[in-house]
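Below: upload_35.cif (mmCIF, C-alpha atoms)
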data_model
loop_
_atom_site.label_atom_id
_atom_site.label_comp_id
_atom_site.auth_asym_id
_atom_site.auth_seq_id
_atom_site.Cartn_x
_atom_site.Cartn_y
_atom_site.Cartn_z
CA MET A 1 3.77 25.76 -0.21
CA ALA A 2 0.86 28.07 0.47
CA GLU A 3 -0.22 27.69 -3.12
CA LYS A 4 -0.19 23.88 -2.83
CA ASN A 5 -2.16 23.98 0.43
CA LYS A 6 -4.78 26.14 -1.14
CA GLN A 7 -5.24 23.71 -3.99
CA ALA A 8 -5.43 20.63 -1.80
CA ALA A 9 -7.96 22.26 0.51
CA ASP A 10 -10.06 23.79 -2.21
CA PRO A 11 -13.02 21.54 -2.99
CA SER A 12 -13.17 22.84 -6.54
CA ALA A 13 -9.61 21.74 -7.28
CA HIS A 14 -9.71 18.24 -8.72
CA GLU A 15 -6.00 17.81 -9.42
CA HIS A 16 -5.42 15.87 -6.19
CA GLU A 17 -8.34 13.53 -6.44
CA HIS A 18 -7.94 9.81 -6.84
CA GLY A 19 -10.32 7.21 -8.08
CA ALA A 20 -11.64 4.23 -6.17
CA GLY A 21 -8.81 2.14 -7.66
CA ARG A 22 -6.24 3.36 -5.18
CA TYR A 23 -8.46 2.43 -2.23
CA VAL A 24 -9.10 -1.06 -3.61
CA LEU A 25 -5.36 -1.55 -4.09
CA ILE A 26 -4.58 -0.51 -0.50
CA TRP A 27 -7.37 -2.73 0.82
CA ALA A 28 -5.98 -5.75 -1.05
CA ALA A 29 -2.47 -4.98 0.22
CA LEU A 30 -3.75 -4.77 3.81
CA LEU A 31 -5.49 -8.15 3.50
CA VAL A 32 -2.33 -9.76 2.07
CA PHE A 33 -0.21 -8.34 4.90
CA THR A 34 -2.75 -9.57 7.48
CA LEU A 35 -2.56 -13.08 6.04
CA THR A 36 1.24 -12.92 5.99
CA THR A 37 1.46 -11.86 9.62
CA VAL A 38 -0.93 -14.60 10.74
CA ILE A 39 1.06 -17.28 8.91
CA THR A 40 4.51 -16.07 9.99
CA GLY A 41 3.27 -15.25 13.50
CA ARG A 42 2.64 -18.88 14.35
CA MET A 43 5.85 -20.18 12.78
CA ASP A 44 8.80 -20.58 15.11
CA LEU A 45 11.28 -18.02 13.84
CA GLY A 46 13.10 -17.65 17.14
CA GLY A 47 13.99 -14.06 17.83
CA ALA A 48 12.67 -12.91 14.45
CA ASN A 49 8.97 -13.29 15.31
CA LEU A 50 8.59 -10.04 17.25
CA PRO A 51 10.51 -7.76 14.82
CA LEU A 52 8.76 -9.30 11.79
CA ALA A 53 5.27 -8.83 13.29
CA LEU A 54 6.12 -5.23 14.22
CA ILE A 55 7.51 -4.48 10.75
CA ILE A 56 4.38 -5.85 9.04
CA ALA A 57 2.13 -3.89 11.43
CA THR A 58 4.11 -0.72 10.77
CA VAL A 59 3.85 -1.19 6.99
CA LYS A 60 0.07 -1.72 7.29
CA ALA A 61 -0.30 1.33 9.53
CA THR A 62 1.76 3.43 7.11
CA LEU A 63 -0.51 2.43 4.21
CA VAL A 64 -3.63 3.37 6.22
CA VAL A 65 -2.20 6.72 7.35
CA LEU A 66 -0.84 7.75 3.95
CA PHE A 67 -3.68 6.64 1.69
CA PHE A 68 -6.89 5.97 3.65
CA MET A 69 -6.22 9.01 5.84
CA HIS A 70 -4.77 10.98 2.90
CA LEU A 71 -1.66 12.19 4.70
CA TRP A 72 0.18 11.54 1.40
CA ASP A 73 -1.48 14.55 -0.26
CA SER A 74 -2.67 16.45 2.78
CA GLU A 75 -1.52 19.87 3.94
CA GLY A 76 2.06 19.77 5.25
CA ILE A 77 1.02 20.98 8.69
CA ASN A 78 -1.03 17.80 9.26
CA ARG A 79 1.99 15.66 8.45
CA LEU A 80 4.01 17.73 10.91
CA VAL A 81 1.42 17.27 13.67
CA PHE A 82 1.30 13.49 13.20
CA CYS A 83 5.08 13.13 13.01
CA VAL A 84 5.52 15.18 16.19
CA ALA A 85 3.07 12.83 17.97
CA LEU A 86 5.16 9.86 16.80
CA LEU A 87 8.34 11.60 17.92
CA PHE A 88 6.92 11.95 21.43
CA VAL A 89 6.02 8.25 21.42
CA LEU A 90 9.69 7.54 20.70
CA VAL A 91 10.75 9.85 23.55
CA LEU A 92 8.38 7.94 25.86
CA ILE A 93 9.77 4.56 24.79
CA ALA A 94 13.40 5.75 25.03
CA GLY A 95 12.84 7.16 28.51
CA VAL A 96 11.12 4.10 29.95
CA PHE A 97 13.42 1.50 28.40
CA GLY A 98 16.48 3.62 29.11
CA ASP A 99 15.50 3.31 32.76
CA LEU A 100 14.55 -0.39 32.70
CA LEU A 101 17.66 -1.60 30.90
CA THR A 102 20.11 0.23 33.15
CA ARG A 103 18.65 -0.77 36.53
CA MET A 104 20.44 -2.77 39.20
CA PRO A 105 19.05 -6.32 39.26
CA ASP A 106 17.53 -5.93 42.74
CA ALA A 107 15.60 -2.83 41.61
CA LEU A 108 13.56 -5.07 39.30
CA PRO A 109 10.49 -7.11 40.28
CA THR A 110 11.10 -10.67 41.47
CA GLY A 111 9.68 -13.61 39.56
CA ARG A 112 10.56 -12.16 36.17
CA HIS A 113 12.25 -14.31 33.58
CA ALA A 114 15.97 -14.95 33.61
CA HIS A 115 17.07 -12.95 30.58
CA THR A 116 16.58 -9.68 32.42
CA LEU A 117 19.24 -10.67 34.91
CA GLU A 118 22.85 -9.86 34.24
CA GLY A 119 24.43 -12.57 36.41
CA GLY A 120 21.60 -15.03 35.98
CA ASP A 121 22.17 -16.34 39.50
CA MET A 122 18.87 -15.21 40.95
CA PRO A 123 16.23 -17.96 41.21
CA THR A 124 13.24 -17.40 38.95
CA THR A 125 10.07 -19.37 38.54
CA PRO A 126 10.18 -21.79 35.59
CA ALA A 127 8.26 -20.16 32.80
CA LEU A 128 6.35 -22.61 30.70
CA ASN A 129 5.53 -25.21 33.28
CA PRO A 130 2.33 -24.13 35.04
CA HIS A 131 2.46 -27.06 37.43
CA ALA A 132 5.89 -26.37 38.92
CA GLU A 133 5.67 -25.69 42.65
CA MET B 1 -16.89 40.33 11.33
CA SER B 2 -19.35 41.40 8.71
CA SER B 3 -19.66 39.81 5.30
CA SER B 4 -18.44 43.01 3.64
CA ASP B 5 -15.21 42.57 5.62
CA ALA B 6 -14.76 39.08 4.23
CA ALA B 7 -15.40 40.33 0.73
CA VAL B 8 -12.45 42.71 1.05
CA HIS B 9 -10.14 39.80 1.94
CA GLY B 10 -11.84 37.33 -0.36
CA HIS B 11 -10.75 36.35 -3.84
CA GLY B 12 -11.49 38.88 -6.53
CA GLY B 13 -14.25 40.54 -4.53
CA HIS B 14 -16.42 37.41 -4.67
CA ASP B 15 -18.26 36.99 -1.35
CA GLU B 16 -18.14 33.28 -0.43
CA HIS B 17 -20.20 33.91 2.72
CA ALA B 18 -23.24 34.79 0.67
CA SER B 19 -22.93 31.79 -1.64
CA ASN B 20 -21.82 29.09 0.82
CA PRO B 21 -24.01 28.41 3.88
CA HIS B 22 -21.36 26.09 5.35
CA LEU B 23 -18.78 28.87 5.64
CA ALA B 24 -18.52 30.23 9.20
CA HIS B 25 -18.30 34.01 9.52
CA HIS B 26 -14.83 33.97 11.08
CA PHE B 27 -13.22 32.24 8.09
CA ASP B 28 -12.12 34.01 4.93
CA SER B 29 -12.92 31.17 2.57
CA ILE B 30 -14.11 27.56 2.60
CA ALA B 31 -10.55 26.46 1.78
CA THR B 32 -9.23 28.11 4.96
CA GLN B 33 -12.07 26.61 6.97
CA ASN B 34 -11.40 23.09 5.66
CA HIS B 35 -7.71 23.53 6.38
CA ALA B 36 -8.46 24.50 9.99
CA SER B 37 -10.92 21.60 10.44
CA ARG B 38 -8.40 19.06 9.22
CA LEU B 39 -5.64 20.50 11.40
CA GLY B 40 -7.92 20.31 14.45
CA MET B 41 -8.73 16.67 13.70
CA TRP B 42 -5.08 15.72 13.27
CA LEU B 43 -4.17 17.41 16.55
CA PHE B 44 -6.86 15.31 18.23
CA LEU B 45 -5.61 12.15 16.51
CA GLY B 46 -2.11 13.00 17.78
CA THR B 47 -3.42 12.92 21.36
CA GLU B 48 -5.18 9.62 20.64
CA VAL B 49 -1.91 8.13 19.41
CA LEU B 50 -0.23 9.19 22.66
CA LEU B 51 -3.09 7.79 24.74
CA PHE B 52 -2.70 4.34 23.20
CA ALA B 53 1.11 4.63 23.18
CA GLY B 54 1.03 4.64 27.00
CA LEU B 55 -0.85 1.34 27.04
CA PHE B 56 1.39 -0.19 24.38
CA LEU B 57 4.39 0.81 26.45
CA GLY B 58 2.85 -0.89 29.49
CA TYR B 59 2.53 -4.01 27.38
CA ALA B 60 6.18 -3.70 26.29
CA VAL B 61 7.45 -3.33 29.87
CA TYR B 62 5.59 -6.38 31.19
CA ARG B 63 6.45 -8.38 28.12
CA HIS B 64 10.08 -7.51 28.79
CA PHE B 65 9.80 -8.91 32.32
CA TYR B 66 7.58 -11.91 31.58
CA HIS B 67 8.29 -12.70 27.91
CA ASP B 68 7.70 -16.47 28.17
CA THR B 69 4.42 -16.00 30.02
CA PHE B 70 3.26 -13.41 27.48
CA ARG B 71 4.16 -15.73 24.64
CA PHE B 72 2.25 -18.57 26.27
CA ALA B 73 -0.73 -16.34 27.09
CA SER B 74 -1.00 -14.98 23.54
CA HIS B 75 -1.47 -18.56 22.35
CA THR B 76 -4.48 -18.99 24.66
CA LEU B 77 -6.35 -16.30 22.70
CA ASN B 78 -8.54 -17.33 19.80
CA LEU B 79 -6.46 -16.56 16.69
CA THR B 80 -9.29 -17.33 14.26
CA LEU B 81 -11.64 -14.81 15.87
CA GLY B 82 -8.81 -12.26 16.10
CA THR B 83 -8.01 -12.68 12.41
CA ILE B 84 -11.68 -12.37 11.41
CA ASN B 85 -11.94 -9.18 13.45
CA THR B 86 -8.83 -7.79 11.77
CA ILE B 87 -10.31 -8.45 8.33
CA VAL B 88 -13.65 -6.92 9.42
CA LEU B 89 -11.96 -3.72 10.64
CA ILE B 90 -9.67 -3.36 7.62
CA SER B 91 -12.62 -3.83 5.27
CA SER B 92 -14.71 -1.29 7.19
CA SER B 93 -11.82 1.17 6.92
CA PHE B 94 -11.86 0.57 3.17
CA THR B 95 -15.63 1.12 2.87
CA VAL B 96 -15.50 4.36 4.87
CA ALA B 97 -12.75 5.61 2.52
CA MET B 98 -14.99 4.64 -0.42
CA ALA B 99 -17.96 6.47 1.15
CA TYR B 100 -15.81 9.63 1.29
CA ASN B 101 -14.89 9.07 -2.34
CA MET B 102 -18.57 8.71 -3.31
CA VAL B 103 -19.65 11.87 -1.48
CA LYS B 104 -16.91 13.77 -3.32
CA LYS B 105 -18.32 12.45 -6.59
CA GLY B 106 -21.85 13.50 -5.60
CA ASN B 107 -23.17 9.94 -5.21
CA ASN B 108 -24.73 10.18 -1.74
CA LYS B 109 -26.82 7.06 -2.26
CA ALA B 110 -23.77 4.82 -2.71
CA ALA B 111 -22.05 6.62 0.16
CA ALA B 112 -25.01 5.90 2.47
CA GLY B 113 -24.88 2.20 1.56
CA LEU B 114 -21.16 2.05 2.24
CA LEU B 115 -21.60 3.80 5.59
CA VAL B 116 -24.35 1.37 6.62
CA PHE B 117 -22.01 -1.50 5.74
CA THR B 118 -19.22 0.13 7.80
CA ILE B 119 -21.51 0.47 10.83
CA LEU B 120 -22.57 -3.17 10.47
CA CYS B 121 -18.88 -4.14 10.40
CA ALA B 122 -18.36 -2.21 13.63
CA LEU B 123 -21.28 -4.09 15.17
CA ALA B 124 -19.88 -7.43 13.98
CA PHE B 125 -16.51 -6.55 15.49
CA LEU B 126 -18.12 -5.82 18.86
CA CYS B 127 -20.16 -9.05 18.80
CA ILE B 128 -17.06 -11.15 18.13
CA LYS B 129 -15.15 -9.27 20.83
CA ALA B 130 -18.01 -9.84 23.31
CA PHE B 131 -17.93 -13.57 22.47
CA GLU B 132 -14.18 -13.64 23.18
CA TYR B 133 -14.60 -11.72 26.44
CA GLN B 134 -17.33 -14.10 27.55
CA HIS B 135 -14.99 -17.03 26.96
CA LYS B 136 -12.27 -15.35 29.05
CA PHE B 137 -14.76 -14.71 31.88
CA VAL B 138 -15.73 -18.37 31.97
CA GLU B 139 -12.07 -19.47 32.01
CA GLY B 140 -11.15 -16.92 34.69
CA ALA B 141 -8.50 -15.40 32.43
CA LEU B 142 -9.05 -12.03 34.08
CA PRO B 143 -6.96 -9.15 35.47
CA GLY B 144 -5.56 -8.93 39.00
CA LYS B 145 -7.36 -10.65 41.85
CA TRP B 146 -10.01 -12.14 39.57
CA PHE B 147 -7.40 -14.24 37.79
CA THR B 148 -8.31 -17.93 38.24
CA PHE B 149 -7.13 -19.31 34.89
CA GLU B 150 -6.14 -22.95 35.56
CA GLU B 151 -4.03 -23.36 32.41
CA MET B 152 -1.63 -20.61 33.51
CA LYS B 153 -1.71 -21.07 37.26
CA GLY B 154 1.57 -20.16 38.95
CA MET B 155 3.15 -18.55 35.90
CA PRO B 156 4.75 -15.24 36.87
CA GLY B 157 3.07 -12.20 35.33
CA ALA B 158 0.15 -14.25 33.99
CA ASN B 159 -2.52 -11.92 35.32
CA MET B 160 -0.57 -8.92 33.96
CA PHE B 161 -1.07 -10.21 30.44
CA PHE B 162 -4.82 -10.26 30.95
CA THR B 163 -4.76 -6.86 32.67
CA VAL B 164 -3.05 -5.41 29.59
CA TYR B 165 -5.35 -7.44 27.30
CA PHE B 166 -8.56 -6.11 28.85
CA LEU B 167 -7.29 -2.52 29.19
CA THR B 168 -6.11 -2.22 25.59
CA THR B 169 -8.95 -4.11 23.89
CA GLY B 170 -11.49 -2.49 26.24
CA LEU B 171 -10.35 1.05 25.42
CA HIS B 172 -10.26 0.08 21.75
CA ALA B 173 -13.81 -1.34 21.92
CA PHE B 174 -14.93 1.92 23.51
CA HIS B 175 -13.44 3.73 20.52
CA VAL B 176 -15.36 1.40 18.20
CA ILE B 177 -18.61 2.38 19.96
CA VAL B 178 -17.78 6.10 19.70
CA GLY B 179 -16.80 5.56 16.06
CA MET B 180 -20.18 3.94 15.36
CA ALA B 181 -21.97 6.97 16.85
CA ILE B 182 -19.88 9.33 14.70
CA LEU B 183 -20.52 7.28 11.55
CA MET B 184 -24.28 7.30 12.24
CA TRP B 185 -24.13 11.10 12.53
CA VAL B 186 -22.23 11.22 9.20
CA LEU B 187 -24.77 8.82 7.67
CA LYS B 188 -27.61 11.13 8.70
CA LYS B 189 -25.89 14.05 6.97
CA VAL B 190 -25.31 11.98 3.83
CA ILE B 191 -28.95 10.85 3.66
CA LYS B 192 -30.28 14.36 4.25
CA GLY B 193 -28.00 15.70 1.52
CA GLN B 194 -26.17 18.01 3.92
CA VAL B 195 -22.84 16.98 2.40
CA ASP B 196 -21.97 17.19 -1.29
CA PRO B 197 -18.93 17.62 -3.58
CA THR B 198 -18.51 21.22 -2.40
CA TYR B 199 -18.71 20.40 1.33
CA TYR B 200 -17.65 17.00 2.66
CA ILE B 201 -15.62 17.79 5.79
CA PRO B 202 -17.91 15.79 8.18
CA VAL B 203 -17.45 12.64 6.07
CA GLU B 204 -13.71 13.21 5.82
CA LEU B 205 -13.14 13.79 9.56
CA GLY B 206 -15.55 11.05 10.68
CA GLY B 207 -13.64 8.74 8.35
CA LEU B 208 -10.32 9.83 9.89
CA TYR B 209 -11.58 8.82 13.34
CA TRP B 210 -12.63 5.42 12.04
CA HIS B 211 -9.23 4.89 10.38
CA LEU B 212 -7.57 5.61 13.73
CA VAL B 213 -9.65 2.82 15.32
CA ASP B 214 -8.37 0.53 12.57
CA LEU B 215 -4.81 1.78 13.11
CA VAL B 216 -4.83 0.88 16.81
CA TRP B 217 -6.12 -2.61 16.05
CA ILE B 218 -3.40 -3.13 13.41
CA PHE B 219 -0.88 -3.02 16.29
CA LEU B 220 -3.02 -4.69 18.96
CA PHE B 221 -3.70 -7.77 16.87
CA PRO B 222 -0.13 -9.03 16.36
CA LEU B 223 1.03 -8.01 19.85
CA LEU B 224 -1.81 -9.77 21.67
CA TYR B 225 -2.70 -12.68 19.40
CA LEU B 226 0.44 -13.57 17.52
CA ILE B 227 3.67 -13.14 19.45
#
Whole structure, structure tokens version:
Amino acid sequence: MAEKNKQAADPSAHEHEHGAGRYVLIWAALLVFTLTTVITGRMDLGGANLPLALIIATVKATLVVLFFMHLWDSEGINRLVFCVALLFVLVLIAGVFGDLLTRMPDALPTGRHAHTLEGGDMPTTPALNPHAE
Amino acid sequence: MSSSDAAVHGHGGHDEHASNPHLAHHFDSIATQNHASRLGMWLFLGTEVLLFAGLFLGYAVYRHFYHDTFRFASHTLNLTLGTINTIVLISSSFTVAMAYNMVKKGNNKAAAGLLVFTILCALAFLCIKAFEYQHKFVEGALPGKWFTFEEMKGMPGANMFFTVYFLTTGLHAFHVIVGMAILMWVLKKVIKGQVDPTYYIPVELGGLYWHLVDLVWIFLFPLLYLI
């Protein structure tokens, strides 16, 4: 481990260097994914739109982090730091949505859309008709 | 710490402090120093991730409450301009990675050209963003009490979408401006020959910051413009 770190950090060690080819490849992949997400984003896939867009974004982000930001062949401690940051993002999301999804209906703001209601008997404003009273 | 001290701990009695002007006196070797620099940068990037995570979570909560409004609102944004900006940022991320590659190979001239291109991309991004903002101002698609957008009048949570839109893209645009300043500082070092294949940490860390700006946009773009 320590030996590997030393090599990766040592400017005179060329074992871990990569040519421009890898960067070009990642760039092309990112452009293809961008095009894909634009095309699929405006198609009506029902409930699949949101997960698909998030999956494509996560794949793009992973490519940037691993290869443009060199986390793939960086010192292990940097990977640890970044993963811990992501872990705390997950804790944040779990805490907030754990709260939101277990609330009593009347502890939620009024005027929200019907799917957040369990009984569905509370009047809500029609969503996609701006001219409704 | 004196340089004789470092020589004792150094490799094979070779004193790196005498031969490398970039090596600070409190580090044993340039390898240790680079390691520490990178770790510091990644710790900072970790805090940046958490900063934006808070805003993304705000988006998620309001989208959860007002999903139809958010869907409608995202379609009022200009997808063409958003897509162009995405391509601009991804390409600038690529050129900054190439600049790092060139400095490592000792080709500072090519690196300088790539950095200039990257900075121009940043400028183009900001111009397009300003054009979009201007359009929103005219329409009244604004946060809170300034919201007077006719097309979405009476829709619940409509002004929350634009609050989240301006907060996230505004903070991101601020990062683009800071990133431009950092890249100009890196460019100066490249032109003056202060970085070379034996010392390229400023290019590497400046590049990392720019990649983070790209990273944030990779998530902002689909969430705001597409779904």
Item to check | Explicit residues for the PyMOL selection byres ((chain B and resi 54-69) around 8) (as a list in words) | outcome: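 That selection, the PyMOL selection byres ((chain B and resi 54-69) around 8), comes back as Ile93, Phe97, Arg112, His113, Thr116, Ala127 and Leu128 of chain A; Leu50, Leu51, Phe52, Ala53, Phe70, Arg71, Phe72, Ala73, Met155, Pro156, Gly157, Ala158, Met160, Phe161, Val164, Leu167 and Thr168 of chain B.
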**Report entry** the PyMOL selection byres ((chain B) within 8 of (chain A)) resolved against shown file, as JSON, numbers by chain
**Finding:** {"B": [30, 31, 32, 34, 35, 38, 39, 42, 43, 45, 46, 47, 49, 50, 53, 57, 61, 64, 65, 66, 67, 68, 69, 72, 83, 86, 87, 90, 91, 93, 94, 97, 98, 101, 151, 152, 153, 154, 155, 156, 157, 197, 198, 199, 207, 208, 211, 215, 218, 219, 222, 223, 226, 227]}
Using only C-alpha atoms, please write the residues we just selected to a file, as an mmCIF file, in the frame of the given file.
data_model
loop_
_atom_site.group_PDB
_atom_site.id
_atom_site.type_symbol
_atom_site.label_atom_id
_atom_site.label_comp_id
_atom_site.auth_asym_id
_atom_site.auth_seq_id
_atom_site.Cartn_x
_atom_site.Cartn_y
_atom_site.Cartn_z
ATOM 1 C CA ILE B 30 -14.110 27.560 2.600
ATOM 2 C CA ALA B 31 -10.550 26.460 1.780
ATOM 3 C CA THR B 32 -9.230 28.110 4.960
ATOM 4 C CA ASN B 34 -11.400 23.090 5.660
ATOM 5 C CA HIS B 35 -7.710 23.530 6.380
ATOM 6 C CA ARG B 38 -8.400 19.060 9.220
ATOM 7 C CA LEU B 39 -5.640 20.500 11.400
ATOM 8 C CA TRP B 42 -5.080 15.720 13.270
ATOM 9 C CA LEU B 43 -4.170 17.410 16.550
ATOM 10 C CA LEU B 45 -5.610 12.150 16.510
ATOM 11 C CA GLY B 46 -2.110 13.000 17.780
ATOM 12 C CA THR B 47 -3.420 12.920 21.360
ATOM 13 C CA VAL B 49 -1.910 8.130 19.410
ATOM 14 C CA LEU B 50 -0.230 9.190 22.660
ATOM 15 C CA ALA B 53 1.110 4.630 23.180
ATOM 16 C CA LEU B 57 4.390 0.810 26.450
ATOM 17 C CA VAL B 61 7.450 -3.330 29.870
ATOM 18 C CA HIS B 64 10.080 -7.510 28.790
ATOM 19 C CA PHE B 65 9.800 -8.910 32.320
ATOM 20 C CA TYR B 66 7.580 -11.910 31.580
ATOM 21 C CA HIS B 67 8.290 -12.700 27.910
ATOM 22 C CA ASP B 68 7.700 -16.470 28.170
ATOM 23 C CA THR B 69 4.420 -16.000 30.020
ATOM 24 C CA PHE B 72 2.250 -18.570 26.270
ATOM 25 C CA THR B 83 -8.010 -12.680 12.410
ATOM 26 C CA THR B 86 -8.830 -7.790 11.770
ATOM 27 C CA ILE B 87 -10.310 -8.450 8.330
ATOM 28 C CA ILE B 90 -9.670 -3.360 7.620
ATOM 29 C CA SER B 91 -12.620 -3.830 5.270
ATOM 30 C CA SER B 93 -11.820 1.170 6.920
ATOM 31 C CA PHE B 94 -11.860 0.570 3.170
ATOM 32 C CA ALA B 97 -12.750 5.610 2.520
ATOM 33 C CA MET B 98 -14.990 4.640 -0.420
ATOM 34 C CA ASN B 101 -14.890 9.070 -2.340
ATOM 35 C CA GLU B 151 -4.030 -23.360 32.410
ATOM 36 C CA MET B 152 -1.630 -20.610 33.510
ATOM 37 C CA LYS B 153 -1.710 -21.070 37.260
ATOM 38 C CA GLY B 154 1.570 -20.160 38.950
ATOM 39 C CA MET B 155 3.150 -18.550 35.900
ATOM 40 C CA PRO B 156 4.750 -15.240 36.870
ATOM 41 C CA GLY B 157 3.070 -12.200 35.330
ATOM 42 C CA PRO B 197 -18.930 17.620 -3.580
ATOM 43 C CA THR B 198 -18.510 21.220 -2.400
ATOM 44 C CA TYR B 199 -18.710 20.400 1.330
ATOM 45 C CA GLY B 207 -13.640 8.740 8.350
ATOM 46 C CA LEU B 208 -10.320 9.830 9.890
ATOM 47 C CA HIS B 211 -9.230 4.890 10.380
ATOM 48 C CA LEU B 215 -4.810 1.780 13.110
ATOM 49 C CA ILE B 218 -3.400 -3.130 13.410
ATOM 50 C CA PHE B 219 -0.880 -3.020 16.290
ATOM 51 C CA PRO B 222 -0.130 -9.030 16.360
ATOM 52 C CA LEU B 223 1.030 -8.010 19.850
ATOM 53 C CA LEU B 226 0.440 -13.570 17.520
ATOM 54 C CA ILE B 227 3.670 -13.140 19.450
#
(request) For atom CA of B:Lys104 and atom CA of B:Leu123, determine how far apart the two atoms are, in Å to one decimal place. (result)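 A separation of 26.1 Å between them.
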Could you tell me which residues the PyMOL selection byres ((chain B and resi 171-177) around 10) grabs in this file, written as a compact mmCIF listing (two decimals) with C-alpha atoms, in the frame of the given file?
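Okay, selection05.txt is ready:
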# COMPACT_ATOMS: atom_id res chain seq x y z
CA LEU B 51 -3.09 7.79 24.74
CA PHE B 52 -2.70 4.34 23.20
CA LEU B 55 -0.85 1.34 27.04
CA LEU B 89 -11.96 -3.72 10.64
CA ILE B 119 -21.51 0.47 10.83
CA ALA B 122 -18.36 -2.21 13.63
CA LEU B 123 -21.28 -4.09 15.17
CA PHE B 125 -16.51 -6.55 15.49
CA LEU B 126 -18.12 -5.82 18.86
CA LYS B 129 -15.15 -9.27 20.83
CA ALA B 130 -18.01 -9.84 23.31
CA PHE B 166 -8.56 -6.11 28.85
CA LEU B 167 -7.29 -2.52 29.19
CA THR B 168 -6.11 -2.22 25.59
CA THR B 169 -8.95 -4.11 23.89
CA GLY B 170 -11.49 -2.49 26.24
CA VAL B 178 -17.78 6.10 19.70
CA GLY B 179 -16.80 5.56 16.06
CA MET B 180 -20.18 3.94 15.36
CA ALA B 181 -21.97 6.97 16.85
CA ILE B 182 -19.88 9.33 14.70
CA LEU B 183 -20.52 7.28 11.55
CA TYR B 209 -11.58 8.82 13.34
CA TRP B 210 -12.63 5.42 12.04
CA LEU B 212 -7.57 5.61 13.73
CA VAL B 213 -9.65 2.82 15.32
CA ASP B 214 -8.37 0.53 12.57
CA VAL B 216 -4.83 0.88 16.81
CA TRP B 217 -6.12 -2.61 16.05
CA LEU B 220 -3.02 -4.69 18.96
Here atom CA of B:Tyr165 and atom CA of A:Ala94 stand apart by 23.0 Å
Atom CA of B:Pro21 and atom CA of B:Tyr200 are how many Å apart?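 Interatomic distance here is 13.1 Å.
All residues of protein, DNA or RNA that reach within 10 Å of B:Ala111, judged by all atoms listed in the file and not counting those fewer than 5 positions away in the chain, are Thr95, Val96, Ala97, Met98, Ala99, Tyr100, Asn101, Met102, Val103, Lys104, Lys105, Gly106, Val116, Phe117, Leu187, Val190, Ile191 and Val203 of chain B.
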